[in-house]
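Engineer: Next up, my_file.tsv (TSV, C-alpha atoms).
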chain	number	residue	atom	x	y	z
A	1	MET	CA	-3.67	-8.03	-1.86
A	2	LEU	CA	-7.32	-8.09	-2.75
A	3	PHE	CA	-10.84	-7.63	-1.42
A	4	PHE	CA	-13.37	-10.45	-1.30
A	5	ARG	CA	-17.05	-10.56	-0.39
A	6	SER	CA	-16.88	-13.82	1.61
A	7	GLU	CA	-14.70	-16.71	2.76
A	8	GLU	CA	-16.35	-18.93	0.13
A	9	LEU	CA	-15.37	-16.55	-2.65
A	10	ILE	CA	-11.76	-16.54	-1.40
A	11	ASP	CA	-11.85	-20.36	-1.50
A	12	GLN	CA	-13.18	-20.30	-5.07
A	13	TRP	CA	-10.58	-17.77	-6.21
A	14	CYS	CA	-7.68	-19.73	-4.68
A	15	SER	CA	-9.00	-22.99	-6.10
A	16	SER	CA	-9.43	-21.56	-9.60
A	17	ARG	CA	-5.84	-20.29	-9.58
A	18	ALA	CA	-4.37	-23.31	-7.78
A	19	THR	CA	-2.90	-20.89	-5.29
A	20	PRO	CA	-2.59	-21.53	-1.54
A	21	ARG	CA	-5.42	-20.36	0.68
A	22	ARG	CA	-4.02	-17.79	3.08
A	23	PRO	CA	-5.53	-16.33	6.27
A	24	SER	CA	-8.27	-13.80	5.61
A	25	VAL	CA	-8.24	-10.41	7.28
A	26	ARG	CA	-11.25	-8.40	8.51
A	27	VAL	CA	-11.65	-4.75	7.47
A	28	ASP	CA	-11.06	-3.54	11.02
A	29	GLN	CA	-7.76	-5.45	11.09
A	30	LEU	CA	-6.86	-4.07	7.66
A	31	TRP	CA	-7.50	-0.54	8.93
A	32	GLN	CA	-5.06	-1.13	11.81
A	33	MET	CA	-2.46	-2.36	9.33
A	34	ALA	CA	-3.03	0.71	7.14
A	35	VAL	CA	-2.76	3.16	10.04
A	36	THR	CA	0.38	1.51	11.39
A	37	TRP	CA	2.14	1.54	8.02
A	38	TYR	CA	0.96	4.82	6.59
A	39	ALA	CA	-0.31	7.31	9.20
A	40	SER	CA	3.05	9.11	9.27
A	41	ARG	CA	3.96	8.61	5.59
A	42	LEU	CA	3.56	12.31	4.72
A	43	HIS	CA	5.83	13.37	7.58
A	44	ALA	CA	9.59	13.93	7.41
A	45	GLU	CA	10.37	11.37	10.11
A	46	SER	CA	8.29	8.53	8.71
A	47	ARG	CA	9.87	5.13	8.10
A	48	ARG	CA	8.75	1.60	7.37
A	49	PRO	CA	8.46	-0.77	10.36
A	50	GLY	CA	11.39	-3.15	10.79
A	51	PRO	CA	10.93	-6.95	10.81
A	52	SER	CA	10.48	-7.32	14.57
A	53	GLU	CA	8.10	-4.36	14.63
A	54	MET	CA	6.11	-5.95	11.82
A	55	ARG	CA	5.76	-9.19	13.76
A	56	GLY	CA	4.59	-7.25	16.81
A	57	ILE	CA	2.09	-5.22	14.79
A	58	PHE	CA	0.54	-8.26	13.17
A	59	GLU	CA	0.35	-10.15	16.45
A	60	SER	CA	-1.25	-7.16	18.18
A	61	ILE	CA	-4.18	-7.27	15.75
A	62	GLY	CA	-4.57	-11.04	15.88
A	63	LEU	CA	-2.53	-12.07	12.84
A	64	HIS	CA	-0.25	-14.87	13.98
A	65	GLY	CA	2.00	-17.41	12.32
A	66	ASP	CA	4.77	-17.65	9.77
A	67	PHE	CA	2.66	-16.15	7.00
A	68	TRP	CA	2.92	-12.77	8.72
A	69	ASP	CA	6.58	-13.13	9.70
A	70	PRO	CA	8.80	-11.03	7.37
A	71	GLN	CA	11.79	-13.23	8.23
A	72	ALA	CA	10.11	-16.63	7.97
A	73	ASP	CA	11.95	-19.13	5.78
A	74	THR	CA	9.09	-21.61	5.52
A	75	PHE	CA	7.80	-20.48	2.13
A	76	GLY	CA	10.69	-21.54	-0.10
B	1	MET	CA	16.82	18.24	6.05
B	2	ASP	CA	18.71	15.84	3.76
B	3	LEU	CA	17.97	15.62	0.06
B	4	ASP	CA	16.25	12.22	0.20
B	5	THR	CA	13.79	13.44	2.83
B	6	GLN	CA	13.09	16.59	0.81
B	7	VAL	CA	12.51	14.56	-2.36
B	8	LYS	CA	10.27	12.11	-0.54
B	9	LEU	CA	8.16	14.88	0.94
B	10	VAL	CA	7.81	16.73	-2.38
B	11	ILE	CA	6.64	13.50	-4.03
B	12	TYR	CA	4.20	12.57	-1.29
B	13	TRP	CA	2.81	16.07	-0.69
B	14	ASN	CA	2.25	16.67	-4.40
B	15	THR	CA	0.63	13.27	-4.82
B	16	ALA	CA	-1.62	13.92	-1.82
B	17	GLU	CA	-2.65	17.27	-3.30
B	18	ARG	CA	-3.28	16.16	-6.88
B	19	GLY	CA	-3.76	12.38	-6.87
B	20	GLN	CA	-0.82	11.67	-9.17
B	21	PRO	CA	2.93	11.64	-8.49
B	22	PRO	CA	4.86	14.61	-9.90
B	23	GLY	CA	7.42	14.34	-12.69
B	24	ILE	CA	11.13	14.41	-11.91
B	25	VAL	CA	11.64	17.89	-13.39
B	26	GLU	CA	9.01	19.29	-11.07
B	27	VAL	CA	10.56	17.54	-8.06
B	28	ALA	CA	14.02	18.85	-9.01
B	29	LYS	CA	12.65	22.38	-9.24
B	30	HIS	CA	11.04	22.10	-5.80
B	31	VAL	CA	14.23	20.90	-4.09
B	32	GLY	CA	16.60	23.14	-6.10
B	33	GLU	CA	18.73	20.30	-7.43
B	34	SER	CA	19.49	18.84	-10.86
B	35	ALA	CA	17.35	16.06	-12.27
B	36	ASP	CA	20.41	13.79	-12.13
B	37	ARG	CA	20.81	14.28	-8.40
B	38	VAL	CA	17.10	13.74	-7.88
B	39	ARG	CA	17.30	10.55	-9.94
B	40	GLU	CA	20.06	9.33	-7.59
B	41	SER	CA	17.81	10.18	-4.66
B	42	TYR	CA	14.95	8.23	-6.28
B	43	ALA	CA	17.22	5.17	-6.46
B	44	ARG	CA	18.04	5.43	-2.75
B	45	LEU	CA	14.37	5.88	-1.85
B	46	ALA	CA	13.54	2.83	-3.94
B	47	ARG	CA	16.19	0.78	-2.12
B	48	ASN	CA	14.53	1.88	1.13
B	49	ARG	CA	11.18	0.71	-0.27
B	50	LEU	CA	9.59	4.16	-0.23
B	51	LEU	CA	9.24	4.27	-4.02
B	52	VAL	CA	8.81	1.76	-6.82
B	53	LEU	CA	10.16	3.09	-10.11
B	54	GLU	CA	9.57	2.21	-13.73
B	55	PRO	CA	12.65	0.93	-15.63
B	56	ASP	CA	13.51	4.48	-16.72
B	57	GLY	CA	14.49	5.22	-13.11
B	58	GLU	CA	12.44	8.40	-12.92
B	59	THR	CA	8.78	7.52	-13.45
B	60	ILE	CA	7.06	6.69	-10.17
B	61	ARG	CA	5.04	3.47	-10.35
B	62	MET	CA	4.30	3.43	-6.63
B	63	ALA	CA	4.76	5.87	-3.79
B	64	PRO	CA	2.99	3.56	-1.36
B	65	PRO	CA	0.11	3.77	-0.62
B	66	PHE	CA	-0.36	5.85	-3.79
B	67	SER	CA	-0.20	4.31	-7.26
B	68	GLY	CA	1.16	6.15	-10.26
B	69	VAL	CA	-0.87	3.98	-12.62
B	70	PRO	CA	-4.61	3.17	-12.73
B	71	THR	CA	-5.76	0.21	-10.65
B	72	GLN	CA	-9.05	-1.33	-9.57
B	73	HIS	CA	-8.73	0.35	-6.15
B	74	ARG	CA	-10.00	3.95	-6.21
B	75	VAL	CA	-10.04	6.31	-3.27
B	76	THR	CA	-11.66	9.75	-3.10
B	77	ALA	CA	-10.86	12.17	-0.30
B	78	ALA	CA	-11.59	15.91	-0.07
B	79	GLY	CA	-12.55	15.93	-3.75
B	80	VAL	CA	-9.28	14.37	-4.95
B	81	SER	CA	-9.23	10.93	-6.63
B	82	TYR	CA	-6.39	8.48	-6.09
B	83	TYR	CA	-5.41	5.02	-7.24
B	84	ALA	CA	-4.15	2.60	-4.59
B	85	ASN	CA	-1.69	-0.21	-5.27
B	86	CYS	CA	-3.77	-2.85	-3.51
B	87	ALA	CA	-6.56	-3.35	-0.99
B	88	TRP	CA	-4.24	-2.57	1.93
B	89	ASP	CA	-3.12	0.66	0.28
B	90	ALA	CA	-6.75	1.60	-0.44
B	91	PHE	CA	-7.08	1.92	3.33
B	92	GLY	CA	-3.58	3.35	3.55
B	93	ILE	CA	-4.49	6.47	1.57
B	94	PRO	CA	-7.07	7.82	4.04
B	95	ALA	CA	-4.71	6.79	6.85
B	96	ALA	CA	-1.83	8.76	5.27
B	97	LEU	CA	-4.02	11.76	4.47
B	98	ASN	CA	-5.77	11.64	7.85
B	99	ARG	CA	-8.97	12.47	6.00
B	100	PRO	CA	-12.34	10.75	5.55
B	101	ALA	CA	-12.54	8.95	2.23
B	102	GLU	CA	-14.56	6.65	0.05
B	103	VAL	CA	-12.95	3.43	-1.19
B	104	VAL	CA	-14.28	1.84	-4.37
B	105	SER	CA	-13.03	-1.57	-5.37
B	106	ARG	CA	-14.42	-5.03	-6.10
B	107	CYS	CA	-14.54	-8.65	-5.02
B	108	GLU	CA	-11.82	-10.32	-7.06
B	109	GLN	CA	-13.85	-13.52	-7.52
B	110	SER	CA	-17.46	-12.36	-8.00
B	111	LYS	CA	-16.57	-8.87	-9.31
B	112	GLU	CA	-19.23	-7.40	-6.98
B	113	SER	CA	-18.54	-3.73	-6.37
B	114	LEU	CA	-17.25	-2.58	-3.02
B	115	ARG	CA	-18.00	0.95	-1.85
B	116	LEU	CA	-16.82	1.67	1.66
B	117	THR	CA	-16.85	4.87	3.67
B	118	ILE	CA	-13.77	5.49	5.79
B	119	GLY	CA	-13.96	7.95	8.67
B	120	LEU	CA	-11.11	9.35	10.70
B	121	ASP	CA	-11.51	6.38	13.06
B	122	GLY	CA	-11.66	3.78	10.33
B	123	PRO	CA	-14.10	2.03	8.03
B	124	GLU	CA	-17.82	1.65	8.57
B	125	PRO	CA	-18.79	-1.85	9.80
B	126	SER	CA	-18.41	-4.33	6.95
B	127	ASP	CA	-18.06	-8.08	6.52
B	128	TRP	CA	-15.88	-7.79	3.44
B	129	LEU	CA	-12.52	-9.55	3.70
B	130	PHE	CA	-8.92	-9.01	2.64
B	131	HIS	CA	-6.75	-11.82	1.32
B	132	CYS	CA	-3.06	-11.72	0.51
B	133	GLU	CA	-1.60	-14.48	-1.62
B	134	VAL	CA	2.07	-13.71	-0.89
B	135	PRO	CA	3.62	-14.31	2.58
B	136	ALA	CA	5.17	-11.30	4.33
B	137	ALA	CA	8.70	-12.63	3.86
B	138	LYS	CA	8.26	-12.39	0.07
B	139	TRP	CA	6.27	-9.19	-0.37
B	140	TRP	CA	9.18	-7.21	-1.80
B	141	GLN	CA	10.54	-9.96	-4.06
B	142	ASP	CA	7.95	-8.76	-6.60
B	143	ILE	CA	6.02	-5.91	-5.05
B	144	VAL	CA	3.99	-5.20	-8.18
B	145	PHE	CA	2.65	-8.79	-8.14
B	146	THR	CA	2.15	-8.70	-4.37
Translate the structure of the given file into C-alpha cells.

Structural biologist:
Amino acid sequence: MLFFRSEELIDQWCSSRATPRRPSVRVDQLWQMAVTWYASRLHAESRRPGPSEMRGIFESIGLHGDFWDPQADTFG
Amino acid sequence: MDLDTQVKLVIYWNTAERGQPPGIVEVAKHVGESADRVRESYARLARNRLLVLEPDGETIRMAPPFSGVPTQHRVTAAGVSYYANCAWDAFGIPAALNRPAEVVSRCEQSKESLRLTIGLDGPEPSDWLFHCEVPAAKWWQDIVFT
C-alpha cells in the first residue's frame, strides 16, 4: 500500500514488477478509509469492520468492484 | 473490562504517547497480570487482527496503524514521531489520534518526497495517489507484504 506521484508512475512501477495494475485511490478517499478504520482504534469499544461493512465503506467512497470485496474469490 | 481490551488499550495508548509500542513486561505491569497471561492475550489480539507479532510472540511488529519497526512512512503529531505500516496507515495515525499531523513518505517509483499536512478534517488538497497491489480478500494472507 504505497504512495505515487501520478498515474503514469503507478503504470511504470507495475510494469517494472510485472504486477497487476490496480485501481488508484485519491488522497481524499484514502482519508475516508483511514477515518473509518482507525478513528475509534484508541477506544475500548473499537473493532475492525466486518466484510459486509467493508464493502459498504468502499462503495460509499466510490471504490467498487471485486478488488475491494474482502470475500471475493476472483483472485485465486 | 476484560483482559484483552485492557491489554489492547495499554498498547495503543502507550504507542500513541511515545511513538513506539511498549514491551510485554511494561504491559503486564500496567494490567496487573503475568507476562504469560499477557502473551496469551497478545495471541488472541493477533487472531482478531489487532496486532501483528514477531515470531517470539511478544514483540509487536504492528499495532495498526502504528508500526513497531522503521518504515518509509513517517508521521509527526503533537511533537511525537511515528512509523506507519503503509500509506493507508500513514493517514490512519492522525485519524486514530484525532490530531493534526504531518505525513512524510515518497513516491515508490520516482522516489520523490511526499510531505503532506493533515488537519482534523483531513489532508490538504493533493493530487498524489494511493495504490494497493493486493486485493482486499487477500490482505491478511501476508499482512506484512500487503

Engineer: Compare A:Pro23, A:Phe67, A:Ala39, A:Trp13 by their minimum atom-to-atom distance to Met54 of chain A, counting all atoms listed in the file, and give me the closest one.

Structural biologist: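 Among the listed residues, A:Phe67 lies closest to Met54 of chain A.
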
Engineer: What would the list of residues within 9 Å of (-12.4, -10.4, -5.5) (file frame) look like as a PDB file with C-alpha atoms, in the coordinates of the input, if all atoms listed in the file are what count?

Structural biologist:
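The resulting file, selection.pdb, is shown below:
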ATOM      1  CA  LEU A   2      -7.320  -8.090  -2.750  1.00  0.00           C
ATOM      2  CA  PHE A   3     -10.840  -7.630  -1.420  1.00  0.00           C
ATOM      3  CA  PHE A   4     -13.370 -10.450  -1.300  1.00  0.00           C
ATOM      4  CA  ARG A   5     -17.050 -10.560  -0.390  1.00  0.00           C
ATOM      5  CA  LEU A   9     -15.370 -16.550  -2.650  1.00  0.00           C
ATOM      6  CA  ILE A  10     -11.760 -16.540  -1.400  1.00  0.00           C
ATOM      7  CA  TRP A  13     -10.580 -17.770  -6.210  1.00  0.00           C
TER       8      TRP A  13
ATOM      9  CA  SER B 105     -13.030  -1.570  -5.370  1.00  0.00           C
ATOM     10  CA  ARG B 106     -14.420  -5.030  -6.100  1.00  0.00           C
ATOM     11  CA  CYS B 107     -14.540  -8.650  -5.020  1.00  0.00           C
ATOM     12  CA  GLU B 108     -11.820 -10.320  -7.060  1.00  0.00           C
ATOM     13  CA  GLN B 109     -13.850 -13.520  -7.520  1.00  0.00           C
ATOM     14  CA  SER B 110     -17.460 -12.360  -8.000  1.00  0.00           C
ATOM     15  CA  LYS B 111     -16.570  -8.870  -9.310  1.00  0.00           C
ATOM     16  CA  GLU B 112     -19.230  -7.400  -6.980  1.00  0.00           C
ATOM     17  CA  PHE B 130      -8.920  -9.010   2.640  1.00  0.00           C
ATOM     18  CA  HIS B 131      -6.750 -11.820   1.320  1.00  0.00           C
TER      19      HIS B 131
END

Engineer: Hey, list the chain B side of the contact with chain A: 6 Å cut-off, all atoms listed in the file, answer as a list in words.

Structural biologist: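 That gives the following set of residues: Cys86, Ala87, Phe91, Gly92, Ala95, Ala96, Cys107, Glu108, Gln109, Trp128, Leu129, Phe130, His131, Cys132, Pro135, Ala136 and Ala137 of chain B.
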
Engineer: What does the structure give for the distance between atom CA of Ala35 of chain B and atom CA of Pro65 of chain B, in Å to one decimal?

Structural biologist: 24.2 Å

Engineer: Could you list as a list in words every residue that has an atom within 8 Å of (6.6, 9.6, -4.7), using the file's coordinates and counting only C-alpha atoms?

Structural biologist: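 I get Lys8, Leu9, Val10, Ile11, Tyr12, Thr15, Pro21, Pro22, Leu50, Leu51, Ile60, Met62, Ala63, Pro64 and Phe66 of chain B for the residues within 8 Å of that point.
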
Engineer: Can I get the selection written as a compact mmCIF listing (two decimals), in the frame of the given file, with C-alpha atoms?

Structural biologist:
# COMPACT_ATOMS: atom_id res chain seq x y z
CA LYS B 8 10.27 12.11 -0.54
CA LEU B 9 8.16 14.88 0.94
CA VAL B 10 7.81 16.73 -2.38
CA ILE B 11 6.64 13.50 -4.03
CA TYR B 12 4.20 12.57 -1.29
CA THR B 15 0.63 13.27 -4.82
CA PRO B 21 2.93 11.64 -8.49
CA PRO B 22 4.86 14.61 -9.90
CA LEU B 50 9.59 4.16 -0.23
CA LEU B 51 9.24 4.27 -4.02
CA ILE B 60 7.06 6.69 -10.17
CA MET B 62 4.30 3.43 -6.63
CA ALA B 63 4.76 5.87 -3.79
CA PRO B 64 2.99 3.56 -1.36
CA PHE B 66 -0.36 5.85 -3.79

Engineer: Rounded to one decimal place, report the atom CA of Tyr83 of chain B-atom CA of Val103 of chain B distance in Å.

Structural biologist: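 Atom CA of Val103 of chain B lies 9.8 Å from atom CA of Tyr83 of chain B.
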
Engineer: Please measure the separation of atom CA of Gly68 of chain B and atom CA of Asn85 of chain B, giving the value in Å to one decimal.

Structural biologist: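 Distance between the two atoms: 8.6 Å.
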
Engineer: Would you compute the box with edges along x, y and z of the file around segment 72-81 of chain B, including every atom the file lists for it and 4 Å extra on each side, and give its centre and edge lengths in Å to one decimal, as AutoDock Vina command-line options?

Structural biologist:
--center_x -10.6 --center_y 7.3 --center_z -4.8 --size_x 11.8 --size_y 25.3 --size_z 17.5

Engineer: Env of Glu33 of chain B: 12 Å cut, atoms = all atoms listed in the file, seq-sep filter 5 positions within chain, self excluded. Answer as an NGL selection string.

Structural biologist: :B and (3-4 or 6-7 or 24-28 or 38-41)

Engineer: Given the selection you just returned, output its residues as a file containing C-alpha atoms, formatted as a PDB file, in the frame of the given file.

Structural biologist:
ATOM      1  CA  LEU B   3      17.970  15.620   0.060  1.00  0.00           C
ATOM      2  CA  ASP B   4      16.250  12.220   0.200  1.00  0.00           C
ATOM      3  CA  GLN B   6      13.090  16.590   0.810  1.00  0.00           C
ATOM      4  CA  VAL B   7      12.510  14.560  -2.360  1.00  0.00           C
ATOM      5  CA  ILE B  24      11.130  14.410 -11.910  1.00  0.00           C
ATOM      6  CA  VAL B  25      11.640  17.890 -13.390  1.00  0.00           C
ATOM      7  CA  GLU B  26       9.010  19.290 -11.070  1.00  0.00           C
ATOM      8  CA  VAL B  27      10.560  17.540  -8.060  1.00  0.00           C
ATOM      9  CA  ALA B  28      14.020  18.850  -9.010  1.00  0.00           C
ATOM     10  CA  VAL B  38      17.100  13.740  -7.880  1.00  0.00           C
ATOM     11  CA  ARG B  39      17.300  10.550  -9.940  1.00  0.00           C
ATOM     12  CA  GLU B  40      20.060   9.330  -7.590  1.00  0.00           C
ATOM     13  CA  SER B  41      17.810  10.180  -4.660  1.00  0.00           C
TER      14      SER B  41
END

Engineer: As a PDB file, in the coordinates of the input, could you write out segment 6-17 of chain A once it has been completed with all heavy atoms?

Structural biologist:
ATOM      1  N   SER A   6     -16.641 -12.761   0.623  1.00  0.00           N
ATOM      2  CA  SER A   6     -16.880 -13.820   1.610  1.00  0.00           C
ATOM      3  C   SER A   6     -15.731 -14.819   1.613  1.00  0.00           C
ATOM      4  O   SER A   6     -14.924 -14.862   0.675  1.00  0.00           O
ATOM      5  CB  SER A   6     -18.186 -14.560   1.293  1.00  0.00           C
ATOM      6  OG  SER A   6     -18.038 -15.296   0.092  1.00  0.00           O
ATOM      7  N   GLU A   7     -15.695 -15.645   2.668  1.00  0.00           N
ATOM      8  CA  GLU A   7     -14.700 -16.710   2.760  1.00  0.00           C
ATOM      9  C   GLU A   7     -14.850 -17.683   1.581  1.00  0.00           C
ATOM     10  O   GLU A   7     -13.856 -18.162   1.021  1.00  0.00           O
ATOM     11  CB  GLU A   7     -14.862 -17.483   4.081  1.00  0.00           C
ATOM     12  CG  GLU A   7     -14.668 -16.658   5.334  1.00  0.00           C
ATOM     13  CD  GLU A   7     -13.199 -16.402   5.664  1.00  0.00           C
ATOM     14  OE1 GLU A   7     -12.316 -16.842   4.910  1.00  0.00           O
ATOM     15  OE2 GLU A   7     -12.937 -15.737   6.691  1.00  0.00           O
ATOM     16  N   GLU A   8     -16.099 -17.974   1.228  1.00  0.00           N
ATOM     17  CA  GLU A   8     -16.350 -18.930   0.130  1.00  0.00           C
ATOM     18  C   GLU A   8     -15.773 -18.408  -1.183  1.00  0.00           C
ATOM     19  O   GLU A   8     -15.227 -19.185  -1.978  1.00  0.00           O
ATOM     20  CB  GLU A   8     -17.861 -19.182  -0.025  1.00  0.00           C
ATOM     21  CG  GLU A   8     -18.501 -19.915   1.139  1.00  0.00           C
ATOM     22  CD  GLU A   8     -18.664 -19.044   2.390  1.00  0.00           C
ATOM     23  OE1 GLU A   8     -18.636 -17.799   2.267  1.00  0.00           O
ATOM     24  OE2 GLU A   8     -18.782 -19.624   3.488  1.00  0.00           O
ATOM     25  N   LEU A   9     -15.897 -17.110  -1.399  1.00  0.00           N
ATOM     26  CA  LEU A   9     -15.370 -16.550  -2.650  1.00  0.00           C
ATOM     27  C   LEU A   9     -13.839 -16.541  -2.643  1.00  0.00           C
ATOM     28  O   LEU A   9     -13.213 -16.691  -3.701  1.00  0.00           O
ATOM     29  CB  LEU A   9     -15.941 -15.155  -2.885  1.00  0.00           C
ATOM     30  CG  LEU A   9     -17.426 -15.173  -3.290  1.00  0.00           C
ATOM     31  CD1 LEU A   9     -18.064 -13.800  -3.127  1.00  0.00           C
ATOM     32  CD2 LEU A   9     -17.589 -15.666  -4.729  1.00  0.00           C
ATOM     33  N   ILE A  10     -13.225 -16.399  -1.468  1.00  0.00           N
ATOM     34  CA  ILE A  10     -11.760 -16.540  -1.400  1.00  0.00           C
ATOM     35  C   ILE A  10     -11.384 -17.981  -1.755  1.00  0.00           C
ATOM     36  O   ILE A  10     -10.443 -18.216  -2.538  1.00  0.00           O
ATOM     37  CB  ILE A  10     -11.215 -16.189  -0.002  1.00  0.00           C
ATOM     38  CG1 ILE A  10     -11.509 -14.727   0.344  1.00  0.00           C
ATOM     39  CG2 ILE A  10      -9.711 -16.452   0.064  1.00  0.00           C
ATOM     40  CD1 ILE A  10     -11.097 -14.333   1.773  1.00  0.00           C
ATOM     41  N   ASP A  11     -12.118 -18.943  -1.192  1.00  0.00           N
ATOM     42  CA  ASP A  11     -11.850 -20.360  -1.500  1.00  0.00           C
ATOM     43  C   ASP A  11     -11.930 -20.606  -3.010  1.00  0.00           C
ATOM     44  O   ASP A  11     -11.066 -21.267  -3.591  1.00  0.00           O
ATOM     45  CB  ASP A  11     -12.851 -21.275  -0.789  1.00  0.00           C
ATOM     46  CG  ASP A  11     -12.680 -21.280   0.722  1.00  0.00           C
ATOM     47  OD1 ASP A  11     -11.587 -20.891   1.193  1.00  0.00           O
ATOM     48  OD2 ASP A  11     -13.640 -21.654   1.419  1.00  0.00           O
ATOM     49  N   GLN A  12     -12.991 -20.093  -3.621  1.00  0.00           N
ATOM     50  CA  GLN A  12     -13.180 -20.300  -5.070  1.00  0.00           C
ATOM     51  C   GLN A  12     -12.029 -19.684  -5.868  1.00  0.00           C
ATOM     52  O   GLN A  12     -11.525 -20.268  -6.826  1.00  0.00           O
ATOM     53  CB  GLN A  12     -14.503 -19.682  -5.526  1.00  0.00           C
ATOM     54  CG  GLN A  12     -15.738 -20.400  -5.033  1.00  0.00           C
ATOM     55  CD  GLN A  12     -17.009 -19.642  -5.412  1.00  0.00           C
ATOM     56  OE1 GLN A  12     -17.017 -18.831  -6.349  1.00  0.00           O
ATOM     57  NE2 GLN A  12     -18.081 -19.888  -4.678  1.00  0.00           N
ATOM     58  N   TRP A  13     -11.648 -18.487  -5.482  1.00  0.00           N
ATOM     59  CA  TRP A  13     -10.580 -17.770  -6.210  1.00  0.00           C
ATOM     60  C   TRP A  13      -9.261 -18.537  -6.098  1.00  0.00           C
ATOM     61  O   TRP A  13      -8.568 -18.736  -7.100  1.00  0.00           O
ATOM     62  CB  TRP A  13     -10.452 -16.364  -5.645  1.00  0.00           C
ATOM     63  CG  TRP A  13      -9.470 -15.492  -6.374  1.00  0.00           C
ATOM     64  CD1 TRP A  13      -9.677 -14.818  -7.547  1.00  0.00           C
ATOM     65  CD2 TRP A  13      -8.123 -15.205  -5.974  1.00  0.00           C
ATOM     66  NE1 TRP A  13      -8.547 -14.125  -7.892  1.00  0.00           N
ATOM     67  CE2 TRP A  13      -7.579 -14.342  -6.956  1.00  0.00           C
ATOM     68  CE3 TRP A  13      -7.339 -15.576  -4.895  1.00  0.00           C
ATOM     69  CZ2 TRP A  13      -6.269 -13.854  -6.875  1.00  0.00           C
ATOM     70  CZ3 TRP A  13      -6.042 -15.089  -4.807  1.00  0.00           C
ATOM     71  CH2 TRP A  13      -5.521 -14.239  -5.793  1.00  0.00           C
ATOM     72  N   CYS A  14      -8.935 -18.989  -4.879  1.00  0.00           N
ATOM     73  CA  CYS A  14      -7.680 -19.730  -4.680  1.00  0.00           C
ATOM     74  C   CYS A  14      -7.722 -21.047  -5.459  1.00  0.00           C
ATOM     75  O   CYS A  14      -6.733 -21.433  -6.098  1.00  0.00           O
ATOM     76  CB  CYS A  14      -7.446 -19.998  -3.197  1.00  0.00           C
ATOM     77  SG  CYS A  14      -7.091 -18.515  -2.245  1.00  0.00           S
ATOM     78  N   SER A  15      -8.868 -21.714  -5.401  1.00  0.00           N
ATOM     79  CA  SER A  15      -9.000 -22.990  -6.100  1.00  0.00           C
ATOM     80  C   SER A  15      -8.852 -22.811  -7.618  1.00  0.00           C
ATOM     81  O   SER A  15      -8.153 -23.577  -8.285  1.00  0.00           O
ATOM     82  CB  SER A  15     -10.361 -23.609  -5.771  1.00  0.00           C
ATOM     83  OG  SER A  15     -10.527 -24.803  -6.476  1.00  0.00           O
ATOM     84  N   SER A  16      -9.475 -21.777  -8.149  1.00  0.00           N
ATOM     85  CA  SER A  16      -9.430 -21.560  -9.600  1.00  0.00           C
ATOM     86  C   SER A  16      -8.033 -21.211 -10.088  1.00  0.00           C
ATOM     87  O   SER A  16      -7.692 -21.434 -11.247  1.00  0.00           O
ATOM     88  CB  SER A  16     -10.411 -20.446 -10.001  1.00  0.00           C
ATOM     89  OG  SER A  16      -9.959 -19.203  -9.512  1.00  0.00           O
ATOM     90  N   ARG A  17      -7.215 -20.665  -9.205  1.00  0.00           N
ATOM     91  CA  ARG A  17      -5.840 -20.290  -9.580  1.00  0.00           C
ATOM     92  C   ARG A  17      -4.806 -21.275  -9.075  1.00  0.00           C
ATOM     93  O   ARG A  17      -3.609 -21.074  -9.279  1.00  0.00           O
ATOM     94  CB  ARG A  17      -5.513 -18.906  -9.002  1.00  0.00           C
ATOM     95  CG  ARG A  17      -6.314 -17.775  -9.626  1.00  0.00           C
ATOM     96  CD  ARG A  17      -6.171 -16.493  -8.799  1.00  0.00           C
ATOM     97  NE  ARG A  17      -4.786 -16.163  -8.494  1.00  0.00           N
ATOM     98  CZ  ARG A  17      -4.036 -15.369  -9.238  1.00  0.00           C
ATOM     99  NH1 ARG A  17      -4.529 -14.836 -10.333  1.00  0.00           N
ATOM    100  NH2 ARG A  17      -2.785 -15.116  -8.882  1.00  0.00           N
TER     101      ARG A  17
END
